[in-house]
file protein.txt (compact mmCIF, C-alpha atoms and all ligand atoms)
# COMPACT_ATOMS: atom_id res chain seq x y z
CA MET A 167 112.20 -8.79 164.80
CA THR A 168 115.60 -7.10 164.95
CA ALA A 169 117.01 -4.91 162.21
CA SER A 170 119.70 -7.42 161.28
CA THR A 171 117.12 -10.24 160.97
CA LEU A 172 115.10 -8.13 158.56
CA THR A 173 118.23 -7.23 156.57
CA ALA A 174 119.12 -10.92 156.31
CA LEU A 175 115.57 -11.92 155.27
CA PHE A 176 115.45 -9.12 152.70
CA LEU A 177 118.79 -10.08 151.15
CA LEU A 178 117.82 -13.75 151.12
CA ALA A 179 114.51 -13.06 149.32
CA LEU A 180 116.17 -10.62 146.92
CA PHE A 181 119.02 -12.91 145.89
CA LEU A 182 116.94 -16.07 145.89
CA SER A 183 114.24 -14.58 143.65
CA SER A 184 116.84 -12.98 141.35
CA GLY A 185 118.77 -16.24 141.21
CA ILE A 186 115.68 -18.21 140.21
CA ARG A 187 114.79 -15.63 137.58
CA LEU A 188 118.30 -15.78 136.14
CA TRP A 189 118.27 -19.59 136.14
CA LEU A 190 114.88 -19.72 134.37
CA SER A 191 116.02 -17.14 131.82
CA LEU A 192 119.15 -19.16 131.01
CA ARG A 193 117.09 -22.37 130.75
CA GLN A 194 114.74 -20.61 128.32
CA ALA A 195 117.69 -19.39 126.22
CA ARG A 196 119.23 -22.88 126.04
CA HIS A 197 115.92 -24.50 125.12
CA VAL A 198 115.02 -21.98 122.42
CA ALA A 199 118.53 -22.11 120.92
CA ALA A 200 118.47 -25.93 120.91
CA HIS A 201 115.18 -25.93 118.92
CA ARG A 202 116.14 -23.16 116.52
CA ALA A 203 117.14 -25.42 113.65
CA ALA A 204 113.70 -26.90 112.85
CA VAL A 205 110.04 -25.85 113.01
CA PRO A 206 108.12 -28.14 115.43
CA ALA A 207 106.31 -30.86 113.45
CA GLU A 208 102.82 -29.57 114.39
CA PHE A 209 103.62 -26.22 112.75
CA ALA A 210 105.73 -27.42 109.82
CA ALA A 211 102.90 -26.76 107.36
CA SER A 212 101.93 -23.32 108.67
CA ILE A 213 105.16 -21.60 109.77
CA GLU A 214 108.25 -21.14 107.62
CA LEU A 215 111.74 -21.89 108.92
CA ALA A 216 112.75 -18.22 108.54
CA ALA A 217 109.82 -17.10 110.74
CA HIS A 218 110.64 -19.77 113.32
CA GLN A 219 114.27 -18.67 113.46
CA LYS A 220 113.28 -15.02 113.71
CA ALA A 221 111.10 -15.95 116.72
CA ALA A 222 114.04 -17.80 118.29
CA ASP A 223 116.41 -14.86 117.74
CA TYR A 224 113.83 -12.39 119.08
CA THR A 225 113.23 -14.52 122.19
CA LEU A 226 116.98 -14.86 122.78
CA ALA A 227 117.53 -11.10 122.35
CA LYS A 228 114.70 -10.28 124.77
CA GLY A 229 116.13 -12.81 127.24
CA ARG A 230 119.58 -11.21 127.14
CA PHE A 231 118.00 -7.80 127.62
CA GLY A 232 115.91 -9.17 130.51
CA ARG A 233 119.01 -10.47 132.30
CA ILE A 234 120.69 -7.06 132.05
CA GLU A 235 117.49 -5.43 133.38
CA LEU A 236 117.46 -7.96 136.22
CA ALA A 237 121.01 -6.98 137.23
CA LEU A 238 120.24 -3.25 136.94
CA GLY A 239 117.09 -3.71 139.03
CA LEU A 240 119.08 -5.49 141.72
CA VAL A 241 121.62 -2.65 141.82
CA TRP A 242 118.80 -0.10 142.00
CA VAL A 243 117.02 -1.75 144.95
CA LEU A 244 120.25 -2.30 146.88
CA ALA A 245 121.50 1.24 146.20
CA LEU A 246 118.26 2.78 147.45
CA THR A 247 117.98 0.64 150.58
CA LEU A 248 121.16 -0.68 152.18
CA GLY A 249 123.29 1.58 149.97
CA GLY A 250 121.70 4.60 151.63
CA GLY A 251 120.17 6.14 148.49
CA LEU A 252 116.76 6.80 150.04
CA GLN A 253 118.29 8.31 153.16
CA LEU A 254 120.41 10.56 150.93
CA MET A 255 117.36 11.73 148.97
CA HIS A 256 115.48 12.27 152.23
CA ASP A 257 118.29 14.46 153.63
CA LEU A 258 118.77 16.33 150.37
CA LEU A 259 115.10 17.34 150.23
CA ALA A 260 115.18 18.42 153.88
CA GLN A 261 117.03 21.52 152.67
CA TRP A 262 113.85 22.73 150.97
CA PHE A 263 111.02 20.95 152.76
CA GLU A 264 110.52 20.49 156.49
CA PRO A 265 110.93 16.67 156.85
CA SER A 266 107.84 16.34 159.08
CA THR A 267 105.51 17.75 156.39
CA LEU A 268 103.57 15.83 153.75
CA TRP A 269 105.19 18.10 151.14
CA HIS A 270 108.50 16.48 151.95
CA GLY A 271 106.89 13.06 151.36
CA LEU A 272 105.46 14.19 148.00
CA ALA A 273 108.83 15.64 146.99
CA LEU A 274 110.53 12.35 147.89
CA PHE A 275 108.18 10.43 145.61
CA GLY A 276 108.80 13.01 142.87
CA LEU A 277 112.59 12.81 143.19
CA LEU A 278 112.51 9.01 143.29
CA SER A 279 110.35 8.89 140.14
CA VAL A 280 112.72 11.19 138.26
CA ALA A 281 115.76 9.21 139.42
CA GLY A 282 114.08 5.91 138.45
CA PHE A 283 113.18 7.33 135.03
CA VAL A 284 116.78 8.39 134.38
CA TRP A 285 118.10 5.02 135.62
CA GLU A 286 115.81 3.11 133.27
CA LEU A 287 116.02 5.48 130.29
CA PRO A 288 119.01 3.88 128.48
CA GLY A 289 117.37 0.45 128.77
CA SER A 290 113.98 1.57 127.51
CA LEU A 291 115.54 3.51 124.61
CA TYR A 292 117.63 0.48 123.69
CA TYR A 293 114.59 -1.82 123.88
CA THR A 294 112.39 0.35 121.65
CA PHE A 295 114.86 1.76 119.14
CA VAL A 296 117.40 -1.05 118.89
CA LEU A 297 115.91 -4.39 119.92
CA GLU A 298 112.33 -3.93 118.70
CA ALA A 299 113.55 -2.02 115.65
CA ARG A 300 115.98 -4.81 114.69
CA PHE A 301 113.06 -7.25 114.40
CA GLY A 302 110.86 -4.75 112.59
CA PHE A 303 108.39 -4.21 115.44
CA ASN A 304 109.14 -0.65 116.46
CA LYS A 305 106.94 2.02 114.86
CA THR A 306 107.48 4.65 117.58
CA THR A 307 109.19 7.87 116.51
CA VAL A 308 111.29 9.98 118.86
CA LYS A 309 108.56 12.62 118.67
CA THR A 310 105.85 10.14 119.78
CA LEU A 311 108.09 8.94 122.61
CA ILE A 312 108.74 12.49 123.89
CA LEU A 313 105.03 13.39 123.67
CA ASP A 314 104.10 10.13 125.48
CA THR A 315 106.58 10.89 128.24
CA LEU A 316 105.32 14.46 128.65
CA LYS A 317 101.68 13.35 128.72
CA SER A 318 102.23 10.55 131.22
CA SER A 319 104.35 12.80 133.47
CA LEU A 320 101.61 15.42 133.45
CA LEU A 321 99.00 12.77 134.30
CA ALA A 322 101.21 11.42 137.09
CA VAL A 323 101.42 14.89 138.64
CA LEU A 324 97.73 15.79 138.13
CA ILE A 325 96.23 12.43 139.20
CA GLY A 326 99.00 10.70 141.13
CA GLY A 327 99.95 13.79 143.15
CA PRO A 328 96.55 14.38 144.82
CA LEU A 329 96.04 10.62 145.29
CA LEU A 330 99.40 10.30 147.01
CA TRP A 331 98.69 13.34 149.16
CA CYS A 332 95.41 11.71 150.22
CA VAL A 333 97.16 8.42 151.09
CA LEU A 334 99.94 10.14 153.08
CA TRP A 335 97.33 12.21 154.92
CA LEU A 336 95.31 9.08 155.81
CA MET A 337 98.46 7.38 157.08
CA ARG A 338 99.12 10.34 159.36
CA SER A 339 95.58 11.05 160.52
CA MET A 340 93.68 7.79 160.83
CA GLY A 341 95.55 6.19 163.73
CA ALA A 342 96.26 2.48 163.91
CA ASN A 343 93.73 1.55 161.19
CA TRP A 344 95.21 3.85 158.56
CA TRP A 345 96.02 0.87 156.32
CA LEU A 346 92.34 -0.08 156.05
CA TRP A 347 91.43 3.46 154.93
CA THR A 348 94.32 3.60 152.48
CA TRP A 349 93.30 0.26 151.02
CA GLY A 350 89.70 1.50 150.59
CA VAL A 351 90.86 4.63 148.78
CA LEU A 352 93.13 2.66 146.45
CA ILE A 353 90.41 0.15 145.58
CA ALA A 354 87.95 2.98 144.88
CA PHE A 355 90.60 4.68 142.75
CA ASN A 356 91.25 1.49 140.78
CA LEU A 357 87.57 0.96 140.05
CA ALA A 358 87.19 4.60 138.99
CA ALA A 359 90.26 4.23 136.75
CA MET A 360 88.63 1.29 134.96
CA VAL A 361 85.80 3.61 133.90
CA ILE A 362 87.83 6.78 133.36
CA TYR A 363 90.82 5.26 131.55
CA PRO A 364 89.12 4.07 128.33
CA LEU A 365 86.98 7.21 128.01
CA PHE A 366 89.44 9.97 128.91
CA ILE A 367 93.03 8.73 129.25
CA ALA A 368 93.51 6.21 126.43
CA PRO A 369 92.31 8.77 123.80
CA LEU A 370 95.16 11.06 124.87
CA PHE A 371 97.61 8.47 123.54
CA ASN A 372 95.76 6.83 120.64
CA LYS A 373 93.04 7.50 118.10
CA PHE A 374 89.85 5.42 118.43
CA GLU A 375 87.56 5.28 115.42
CA PRO A 376 84.35 3.29 114.93
CA LEU A 377 84.93 0.13 112.89
CA LYS A 378 84.23 1.13 109.26
CA ASP A 379 84.32 -2.33 107.63
CA GLU A 380 80.58 -2.98 107.41
CA ALA A 381 80.81 -6.65 106.47
CA LEU A 382 83.09 -7.31 109.44
CA ALA A 383 80.87 -5.24 111.76
CA ALA A 384 77.80 -7.22 110.66
CA ARG A 385 79.64 -10.49 111.31
CA ILE A 386 80.73 -9.31 114.76
CA ASN A 387 77.25 -8.06 115.65
CA LEU A 388 75.85 -11.51 114.80
CA LEU A 389 78.40 -13.10 117.12
CA LEU A 390 77.54 -10.63 119.89
CA ALA A 391 73.82 -11.39 119.48
CA ARG A 392 74.54 -15.13 119.53
CA CYS A 393 76.46 -14.72 122.79
CA GLY A 394 73.92 -12.33 124.33
CA PHE A 395 76.48 -9.55 124.65
CA GLN A 396 75.66 -5.84 124.94
CA SER A 397 78.26 -3.36 123.78
CA LYS A 398 78.60 0.37 123.29
CA GLY A 399 80.37 -0.02 120.00
CA LEU A 400 83.25 -1.46 118.00
CA PHE A 401 86.40 0.63 117.77
CA VAL A 402 89.68 0.47 115.92
CA MET A 403 92.79 1.80 117.67
CA ASP A 404 95.90 3.01 115.83
CA GLY A 405 98.24 0.56 117.59
CA SER A 406 100.52 0.77 114.54
CA LYS A 407 101.54 4.24 115.76
CA ARG A 408 103.92 2.57 118.25
CA SER A 409 104.34 -1.10 117.45
CA ALA A 410 103.60 -3.80 114.91
CA HIS A 411 102.35 -6.19 117.62
CA GLY A 412 98.60 -6.86 117.32
CA ASN A 413 95.83 -7.20 119.91
CA ALA A 414 92.11 -6.93 120.68
CA TYR A 415 90.51 -6.08 124.00
CA PHE A 416 87.44 -4.95 125.88
CA THR A 417 87.13 -1.95 128.12
CA GLY A 418 84.50 -0.62 130.47
CA PHE A 419 81.70 -2.00 132.58
CA GLY A 420 78.12 -3.21 132.12
CA ALA A 421 76.36 -1.72 129.12
CA ALA A 422 79.21 0.77 128.56
CA LYS A 423 81.56 -1.96 127.31
CA ARG A 424 83.56 -1.12 124.22
CA ILE A 425 85.34 -3.55 121.99
CA VAL A 426 88.68 -2.29 120.70
CA PHE A 427 90.70 -3.84 117.87
CA PHE A 428 94.27 -2.82 117.10
CA ASP A 429 94.53 -1.79 113.45
CA THR A 430 97.53 -4.14 113.25
CA LEU A 431 95.26 -7.08 114.12
CA LEU A 432 92.63 -6.24 111.48
CA ALA A 433 95.37 -5.89 108.89
CA THR A 434 96.51 -9.50 109.24
CA LEU A 435 93.45 -11.57 110.20
CA THR A 436 90.54 -12.60 107.96
CA PRO A 437 87.01 -11.69 109.14
CA GLU A 438 86.47 -15.32 110.24
CA GLU A 439 89.66 -15.20 112.31
CA VAL A 440 88.71 -11.86 113.87
CA GLU A 441 85.38 -13.41 114.84
CA ALA A 442 87.11 -16.39 116.48
CA VAL A 443 89.55 -14.15 118.40
CA LEU A 444 86.65 -12.00 119.58
CA ALA A 445 84.70 -15.10 120.65
CA HIS A 446 87.71 -16.02 122.80
CA GLU A 447 87.66 -12.54 124.38
CA LEU A 448 83.91 -12.86 124.95
CA GLY A 449 84.68 -16.12 126.76
CA HIS A 450 86.80 -14.15 129.25
CA PHE A 451 83.83 -11.89 129.85
CA LYS A 452 81.25 -14.64 130.13
CA HIS A 453 83.37 -16.53 132.64
CA ARG A 454 83.83 -13.28 134.64
CA HIS A 455 87.61 -13.60 134.51
CA ILE A 456 88.11 -9.85 134.74
CA ALA A 457 85.81 -9.53 137.77
CA GLN A 458 87.68 -12.42 139.42
CA ARG A 459 90.98 -10.68 138.79
CA VAL A 460 89.71 -7.45 140.34
CA ALA A 461 88.39 -9.40 143.36
CA LEU A 462 91.69 -11.24 143.83
CA PHE A 463 93.58 -7.97 143.57
CA ALA A 464 91.34 -6.49 146.29
CA VAL A 465 91.87 -9.44 148.65
CA LEU A 466 95.64 -9.67 148.08
CA SER A 467 96.16 -5.95 148.48
CA LEU A 468 94.14 -6.00 151.72
CA ALA A 469 96.51 -8.64 153.07
CA PHE A 470 99.53 -6.58 151.94
CA PHE A 471 98.18 -3.42 153.54
CA ALA A 472 97.53 -5.25 156.82
CA LEU A 473 101.14 -6.43 156.70
CA LEU A 474 102.32 -2.91 155.93
CA GLY A 475 100.30 -1.57 158.88
CA TRP A 476 102.16 -3.96 161.15
CA LEU A 477 105.59 -3.45 159.56
CA ALA A 478 105.35 0.34 159.79
CA GLN A 479 105.20 0.04 163.58
CA GLN A 480 108.39 -2.01 163.77
CA PRO A 481 111.46 0.16 164.38
CA ALA A 482 113.50 -2.56 162.67
CA PHE A 483 111.59 -2.00 159.42
CA PHE A 484 113.46 1.22 158.61
CA ALA A 485 116.82 0.43 160.14
CA GLY A 486 116.84 -3.09 158.66
CA LEU A 487 116.44 -1.59 155.19
CA GLY A 488 119.15 1.02 155.53
CA VAL A 489 117.07 4.09 156.42
CA GLU A 490 117.46 6.09 159.63
CA ALA A 491 114.64 8.56 159.07
CA HIS A 492 110.95 7.66 159.54
CA SER A 493 108.09 9.02 157.45
CA GLU A 494 104.87 7.90 155.77
CA ALA A 495 106.50 8.27 152.35
CA LEU A 496 109.50 6.17 153.34
CA THR A 497 107.18 3.46 154.69
CA LEU A 498 105.38 3.20 151.34
CA ILE A 499 108.54 3.35 149.26
CA LEU A 500 110.41 0.72 151.30
CA PHE A 501 107.41 -1.58 151.22
CA SER A 502 107.05 -1.29 147.46
CA LEU A 503 110.77 -2.03 147.03
CA ILE A 504 110.70 -5.23 149.10
CA LEU A 505 107.30 -6.45 147.89
CA GLY A 506 108.67 -7.88 144.61
CA PRO A 507 111.20 -10.34 146.08
CA PHE A 508 108.80 -11.48 148.81
CA THR A 509 105.81 -12.01 146.48
CA PHE A 510 107.88 -13.74 143.80
CA PRO A 511 106.52 -17.21 144.83
CA LEU A 512 103.04 -15.99 143.75
CA THR A 513 104.21 -15.65 140.12
CA PRO A 514 103.76 -19.31 139.07
CA MET A 515 100.35 -19.47 140.80
CA MET A 516 99.10 -16.38 138.98
CA SER A 517 100.43 -17.77 135.69
CA PHE A 518 98.69 -21.08 136.29
CA TRP A 519 95.41 -19.33 137.05
CA SER A 520 95.74 -17.19 133.91
CA ARG A 521 96.41 -20.25 131.69
CA LYS A 522 93.31 -21.93 133.16
CA HIS A 523 91.32 -18.87 132.09
CA GLU A 524 92.78 -19.06 128.60
CA PHE A 525 91.63 -22.66 128.22
CA GLU A 526 88.13 -21.68 129.39
CA ALA A 527 88.02 -18.80 126.92
CA ASP A 528 89.20 -21.12 124.12
CA ALA A 529 86.42 -23.58 124.99
CA TYR A 530 83.91 -20.74 124.80
CA ALA A 531 85.32 -19.67 121.43
CA MET A 532 84.97 -23.25 120.10
CA ALA A 533 81.31 -23.28 121.13
CA HIS A 534 80.47 -19.92 119.51
CA ALA A 535 82.85 -19.73 116.54
CA GLN A 536 84.99 -22.12 114.50
CA ALA A 537 87.94 -23.74 116.31
CA GLY A 538 89.79 -23.91 112.97
CA ASP A 539 89.57 -20.11 112.58
CA LEU A 540 91.00 -19.61 116.06
CA VAL A 541 93.87 -21.97 115.20
CA SER A 542 94.77 -20.10 112.02
CA ALA A 543 94.45 -16.75 113.84
CA LEU A 544 96.76 -17.93 116.63
CA VAL A 545 99.32 -19.28 114.17
CA LYS A 546 99.38 -15.88 112.43
CA LEU A 547 99.72 -14.08 115.77
CA TYR A 548 102.58 -16.34 116.89
CA ARG A 549 104.29 -15.77 113.56
CA ASP A 550 103.73 -12.00 113.35
CA ASN A 551 104.69 -11.37 116.98
CA ALA A 552 107.73 -13.70 116.66
CA ALA A 553 106.56 -15.59 119.74
CA THR A 554 108.54 -18.75 120.32
CA LEU A 555 106.81 -22.09 119.67
CA THR A 556 109.41 -23.93 121.74
CA PRO A 557 109.56 -22.39 125.23
CA ASP A 558 111.37 -24.15 128.06
CA PRO A 559 108.62 -26.09 129.91
CA LEU A 560 109.70 -24.86 133.35
CA HIS A 561 110.07 -21.23 132.22
CA SER A 562 106.62 -21.48 130.65
CA LEU A 563 105.12 -23.06 133.77
CA PHE A 564 106.49 -20.20 135.83
CA TYR A 565 105.75 -17.16 133.72
CA ASP A 566 103.44 -17.79 130.80
CA SER A 567 100.00 -16.22 131.06
CA HIS A 568 99.00 -18.18 127.95
CA PRO A 569 99.42 -21.94 127.42
CA PRO A 570 102.36 -22.98 125.20
CA ALA A 571 101.46 -22.96 121.49
CA THR A 572 101.67 -26.71 120.93
CA ILE A 573 99.36 -27.57 123.85
CA ARG A 574 96.86 -24.82 123.15
CA ILE A 575 96.62 -25.45 119.42
CA GLY A 576 96.68 -29.21 119.99
CA ARG A 577 93.52 -28.92 122.10
CA LEU A 578 91.79 -26.68 119.56
CA LYS A 579 92.68 -29.02 116.68
CA ALA A 580 91.45 -32.05 118.60
CA ALA A 581 88.12 -30.29 119.10
CA ALA A 582 87.91 -29.14 115.48
ZN ZN A 601 92.69 -14.86 126.38
call {"tool": "encode", "arguments": {"input": "protein.txt", "output": "structure tokens", "more": "lines below"}}
Ligand SMILES: [Zn+2]
result
Amino acid sequence: MTASTLTALFLLALFLSSGIRLWLSLRQARHVAAHRAAVPAEFAASIELAAHQKAADYTLAKGRFGRIELALGLVWVLALTLGGGLQLMHDLLAQWFEPSTLWHGLALFGLLSVAGFVWELPGSLYYTFVLEARFGFNKTTVKTLILDTLKSSLLAVLIGGPLLWCVLWLMRSMGANWWLWTWGVLIAFNLAAMVIYPLFIAPLFNKFEPLKDEALAARINLLLARCGFQSKGLFVMDGSKRSAHGNAYFTGFGAAKRIVFFDTLLATLTPEEVEAVLAHELGHFKHRHIAQRVALFAVLSLAFFALLGWLAQQPAFFAGLGVEAHSEALTLILFSLILGPFTFPLTPMMSFWSRKHEFEADAYAMAHAQAGDLVSALVKLYRDNAATLTPDPLHSLFYDSHPPATIRIGRLKAAA
């Protein structure tokens, strides 16, 4: 492959994927705006017109924001690659670090992270303090945001730094099969993170307290016994510290599993509804959806690393993406920048797979709790999160990890 062929392929994938994303976003906006005037008949009894219109406005505002982010992301990728940004950073750092050393590679990742943070800062501030605030969802204070940023930067340096060093060293020292070693290290790291994150990292950002509501705990323990589920405890997380959006999730492995409820979720749902939502989450566990996800991630990333191993040997890889210098760090950075446009066709497949899992988890919830309770819980969650009930079918098919409200609730109601 010549450098100009790679440049052409890269630009084609980049503009084609961005074009499709823009087209889907505009379709979604048109569809939501066209259905803003009336609540869909299925929800007329449970959702007020004001809530429906708030959901439409929120969806439209997020869509507009998403299109600006899309344009900014396009500028960012082009500026770094063909615009010469990466080469510039590489040369700049060469004043302090010998370019052939791994320190230079680490410094390049550091500089790129800082530059990316600055580039995205206005957008993320706008999203949290203007867009989310306008719809009453933002609970983050400037102080929390600054502390969060400091903590995650420190973690990135303490954990990401040594990990990156290890990867760059493997790339340099392990010969032609370096990509297999790197893949192994990253998979091991990911599995370790699944154990370490809930126990040591998440508590740095949120408070976790045992569930105090004894009646609710008794109800949940009955459900767990009915489903044959072992857990290391029920916890409540102060999600309201940052956002009014609600959630419930599981963390950990084997007998060390913890069940975590956002305080925002417990504040709005009745005990019966909490039980039904939890039964749905148990369904994900019983069907091994999380294990399947981890396995798919391992297989896909192996394929990507094999591709990277091959690409890194092609002289055209660097020149075709606007970089004259060669280094392990540049290989990784360039690959991560072009991966998005080229893997974009996987998006609808992953969404389809996820929606299939949601239906399976709903079926499990119907068997172990009341379908009617899950319906009323979902209606409250749609309402409180201002999620649209009228998505564009094609946009939904492409992106939605959860089935559209009408289809999902229609199935549950039919069963109830
Ligand atoms: Zn689910």
call {"tool": "residues_near_ligand", "arguments": {"input": "protein.txt", "ligand": "ligand ZN 601 (chain A)", "cutoff": "9 Å", "atoms": "only C-alpha atoms and all ligand atoms", "output": "PDB file with C-alpha atoms, in the frame of the given file"}}
result
ATOM      1  CA  VAL A 443      89.550 -14.150 118.400  1.00  0.00           C
ATOM      2  CA  HIS A 446      87.710 -16.020 122.800  1.00  0.00           C
ATOM      3  CA  GLU A 447      87.660 -12.540 124.380  1.00  0.00           C
ATOM      4  CA  GLY A 449      84.680 -16.120 126.760  1.00  0.00           C
ATOM      5  CA  HIS A 450      86.800 -14.150 129.250  1.00  0.00           C
ATOM      6  CA  SER A 520      95.740 -17.190 133.910  1.00  0.00           C
ATOM      7  CA  ARG A 521      96.410 -20.250 131.690  1.00  0.00           C
ATOM      8  CA  HIS A 523      91.320 -18.870 132.090  1.00  0.00           C
ATOM      9  CA  GLU A 524      92.780 -19.060 128.600  1.00  0.00           C
ATOM     10  CA  PHE A 525      91.630 -22.660 128.220  1.00  0.00           C
ATOM     11  CA  GLU A 526      88.130 -21.680 129.390  1.00  0.00           C
ATOM     12  CA  ALA A 527      88.020 -18.800 126.920  1.00  0.00           C
ATOM     13  CA  ASP A 528      89.200 -21.120 124.120  1.00  0.00           C
ATOM     14  CA  SER A 567     100.000 -16.220 131.060  1.00  0.00           C
ATOM     15  CA  HIS A 568      99.000 -18.180 127.950  1.00  0.00           C
TER      16      HIS A 568
END
call {"tool": "residues_around", "arguments": {"input": "protein.txt", "residues": "Ala410 of chain A", "least_positions_apart": "4", "cutoff": "12 Å", "atoms": "all atoms listed in the file", "output": "JSON, numbers by chain"}}
result
{"A": [294, 298, 299, 301, 302, 303, 304, 305, 306, 404, 405, 406, 428, 429, 430, 431, 432, 433, 434, 547, 550, 551, 552]}
call {"tool": "write_last_selection", "arguments": {"input": "protein.txt", "atoms": "C-alpha atoms", "output": "PDB file, in the coordinates of the input"}}
result
ATOM      1  CA  THR A 294     112.390   0.350 121.650  1.00  0.00           C
ATOM      2  CA  GLU A 298     112.330  -3.930 118.700  1.00  0.00           C
ATOM      3  CA  ALA A 299     113.550  -2.020 115.650  1.00  0.00           C
ATOM      4  CA  PHE A 301     113.060  -7.250 114.400  1.00  0.00           C
ATOM      5  CA  GLY A 302     110.860  -4.750 112.590  1.00  0.00           C
ATOM      6  CA  PHE A 303     108.390  -4.210 115.440  1.00  0.00           C
ATOM      7  CA  ASN A 304     109.140  -0.650 116.460  1.00  0.00           C
ATOM      8  CA  LYS A 305     106.940   2.020 114.860  1.00  0.00           C
ATOM      9  CA  THR A 306     107.480   4.650 117.580  1.00  0.00           C
ATOM     10  CA  ASP A 404      95.900   3.010 115.830  1.00  0.00           C
ATOM     11  CA  GLY A 405      98.240   0.560 117.590  1.00  0.00           C
ATOM     12  CA  SER A 406     100.520   0.770 114.540  1.00  0.00           C
ATOM     13  CA  PHE A 428      94.270  -2.820 117.100  1.00  0.00           C
ATOM     14  CA  ASP A 429      94.530  -1.790 113.450  1.00  0.00           C
ATOM     15  CA  THR A 430      97.530  -4.140 113.250  1.00  0.00           C
ATOM     16  CA  LEU A 431      95.260  -7.080 114.120  1.00  0.00           C
ATOM     17  CA  LEU A 432      92.630  -6.240 111.480  1.00  0.00           C
ATOM     18  CA  ALA A 433      95.370  -5.890 108.890  1.00  0.00           C
ATOM     19  CA  THR A 434      96.510  -9.500 109.240  1.00  0.00           C
ATOM     20  CA  LEU A 547      99.720 -14.080 115.770  1.00  0.00           C
ATOM     21  CA  ASP A 550     103.730 -12.000 113.350  1.00  0.00           C
ATOM     22  CA  ASN A 551     104.690 -11.370 116.980  1.00  0.00           C
ATOM     23  CA  ALA A 552     107.730 -13.700 116.660  1.00  0.00           C
TER      24      ALA A 552
END
call {"tool": "closest_residue", "arguments": {"input": "protein.txt", "among": "A:Ile353, A:Gly271, A:Arg385, A:Ala237", "to": "Gly185 of chain A", "atoms": "all atoms listed in the file"}}
result
A:Ala237
call {"tool": "axis_aligned_box", "arguments": {"input": "protein.txt", "around": "segment 499-502 of chain A", "padding_each_side": "4 Å", "output": "lines of an AutoDock Vina configuration file"}}
result
center_x = 108.7
center_y = 0.9
center_z = 149.4
size_x = 11.4
size_y = 12.9
size_z = 11.8
call {"tool": "residues_around", "arguments": {"input": "protein.txt", "residues": "Pro265 of chain A", "least_positions_apart": "2", "cutoff": "12 Å", "atoms": "only C-alpha atoms", "output": "list of chain:residue names"}}
result
A:Gln253, A:Met255, A:His256, A:Asp257, A:Leu258, A:Leu259, A:Ala260, A:Gln261, A:Trp262, A:Phe263, A:Thr267, A:Leu268, A:Trp269, A:His270, A:Gly271, A:Leu272, A:Ala273, A:Leu274, A:Ala491, A:His492, A:Ser493, A:Glu494, A:Ala495, A:Leu496
call {"tool": "residues_near_point", "arguments": {"input": "protein.txt", "point": "(108.1, -7.1, 146.8)", "cutoff": "12 Å", "atoms": "only C-alpha atoms", "output": "PyMOL selection string"}}
result
chain A and resi 176-177+179-180+183-184+243+470+474+498-513
call {"tool": "residues_around", "arguments": {"input": "protein.txt", "residues": "segment 284-288 of chain A", "least_positions_apart": "3", "cutoff": "10 Å", "atoms": "only C-alpha atoms", "output": "PyMOL selection string"}}
result
chain A and resi 235+238-239+242+278-281+291-293
call {"tool": "closest_atom_pairs", "arguments": {"input": "protein.txt", "of": "segment 361-461 of chain A", "to": "segment 325-330 of chain A", "cutoff": "12 Å", "atoms": "all atoms listed in the file", "output": "CSV"}}
result
residue,atom,partner,partner_atom,distance
A:Ile362,CA,A:Ile325,CA,11.7
A:Tyr363,CA,A:Ile325,CA,11.8
A:Ile367,CA,A:Ile325,CA,11.1
call {"tool": "atom_distance", "arguments": {"input": "protein.txt", "atom1": "atom CA of Gly229 of chain A", "atom2": "atom CA of Ala195 of chain A"}}
result
6.8 Å
call {"tool": "closest_residue", "arguments": {"input": "protein.txt", "among": "A:Pro570, A:Gly488, A:Gly576, A:Pro559", "to": "Leu172 of chain A", "atoms": "only C-alpha atoms"}}
result
A:Gly488
call {"tool": "closest_residue", "arguments": {"input": "protein.txt", "among": "A:Trp347, A:Phe371, A:Phe463, A:Trp519", "to": "Leu316 of chain A", "atoms": "only C-alpha atoms"}}
result
A:Phe371
call {"tool": "residues_around", "arguments": {"input": "protein.txt", "residues": "Trp349 of chain A", "least_positions_apart": "3", "cutoff": "10 Å", "atoms": "only C-alpha atoms", "output": "PDB file with C-alpha atoms, keeping the file's coordinate frame"}}
result
ATOM      1  CA  VAL A 333      97.160   8.420 151.090  1.00  0.00           C
ATOM      2  CA  TRP A 344      95.210   3.850 158.560  1.00  0.00           C
ATOM      3  CA  TRP A 345      96.020   0.870 156.320  1.00  0.00           C
ATOM      4  CA  LEU A 346      92.340  -0.080 156.050  1.00  0.00           C
ATOM      5  CA  LEU A 352      93.130   2.660 146.450  1.00  0.00           C
ATOM      6  CA  ILE A 353      90.410   0.150 145.580  1.00  0.00           C
ATOM      7  CA  ALA A 354      87.950   2.980 144.880  1.00  0.00           C
ATOM      8  CA  PHE A 355      90.600   4.680 142.750  1.00  0.00           C
ATOM      9  CA  ALA A 464      91.340  -6.490 146.290  1.00  0.00           C
ATOM     10  CA  SER A 467      96.160  -5.950 148.480  1.00  0.00           C
ATOM     11  CA  LEU A 468      94.140  -6.000 151.720  1.00  0.00           C
ATOM     12  CA  ALA A 469      96.510  -8.640 153.070  1.00  0.00           C
ATOM     13  CA  PHE A 470      99.530  -6.580 151.940  1.00  0.00           C
ATOM     14  CA  PHE A 471      98.180  -3.420 153.540  1.00  0.00           C
ATOM     15  CA  ALA A 472      97.530  -5.250 156.820  1.00  0.00           C
TER      16      ALA A 472
END
call {"tool": "atom_distance", "arguments": {"input": "protein.txt", "atom1": "atom CA of Val198 of chain A", "atom2": "atom CA of Ile573 of chain A"}}
result
16.7 Å
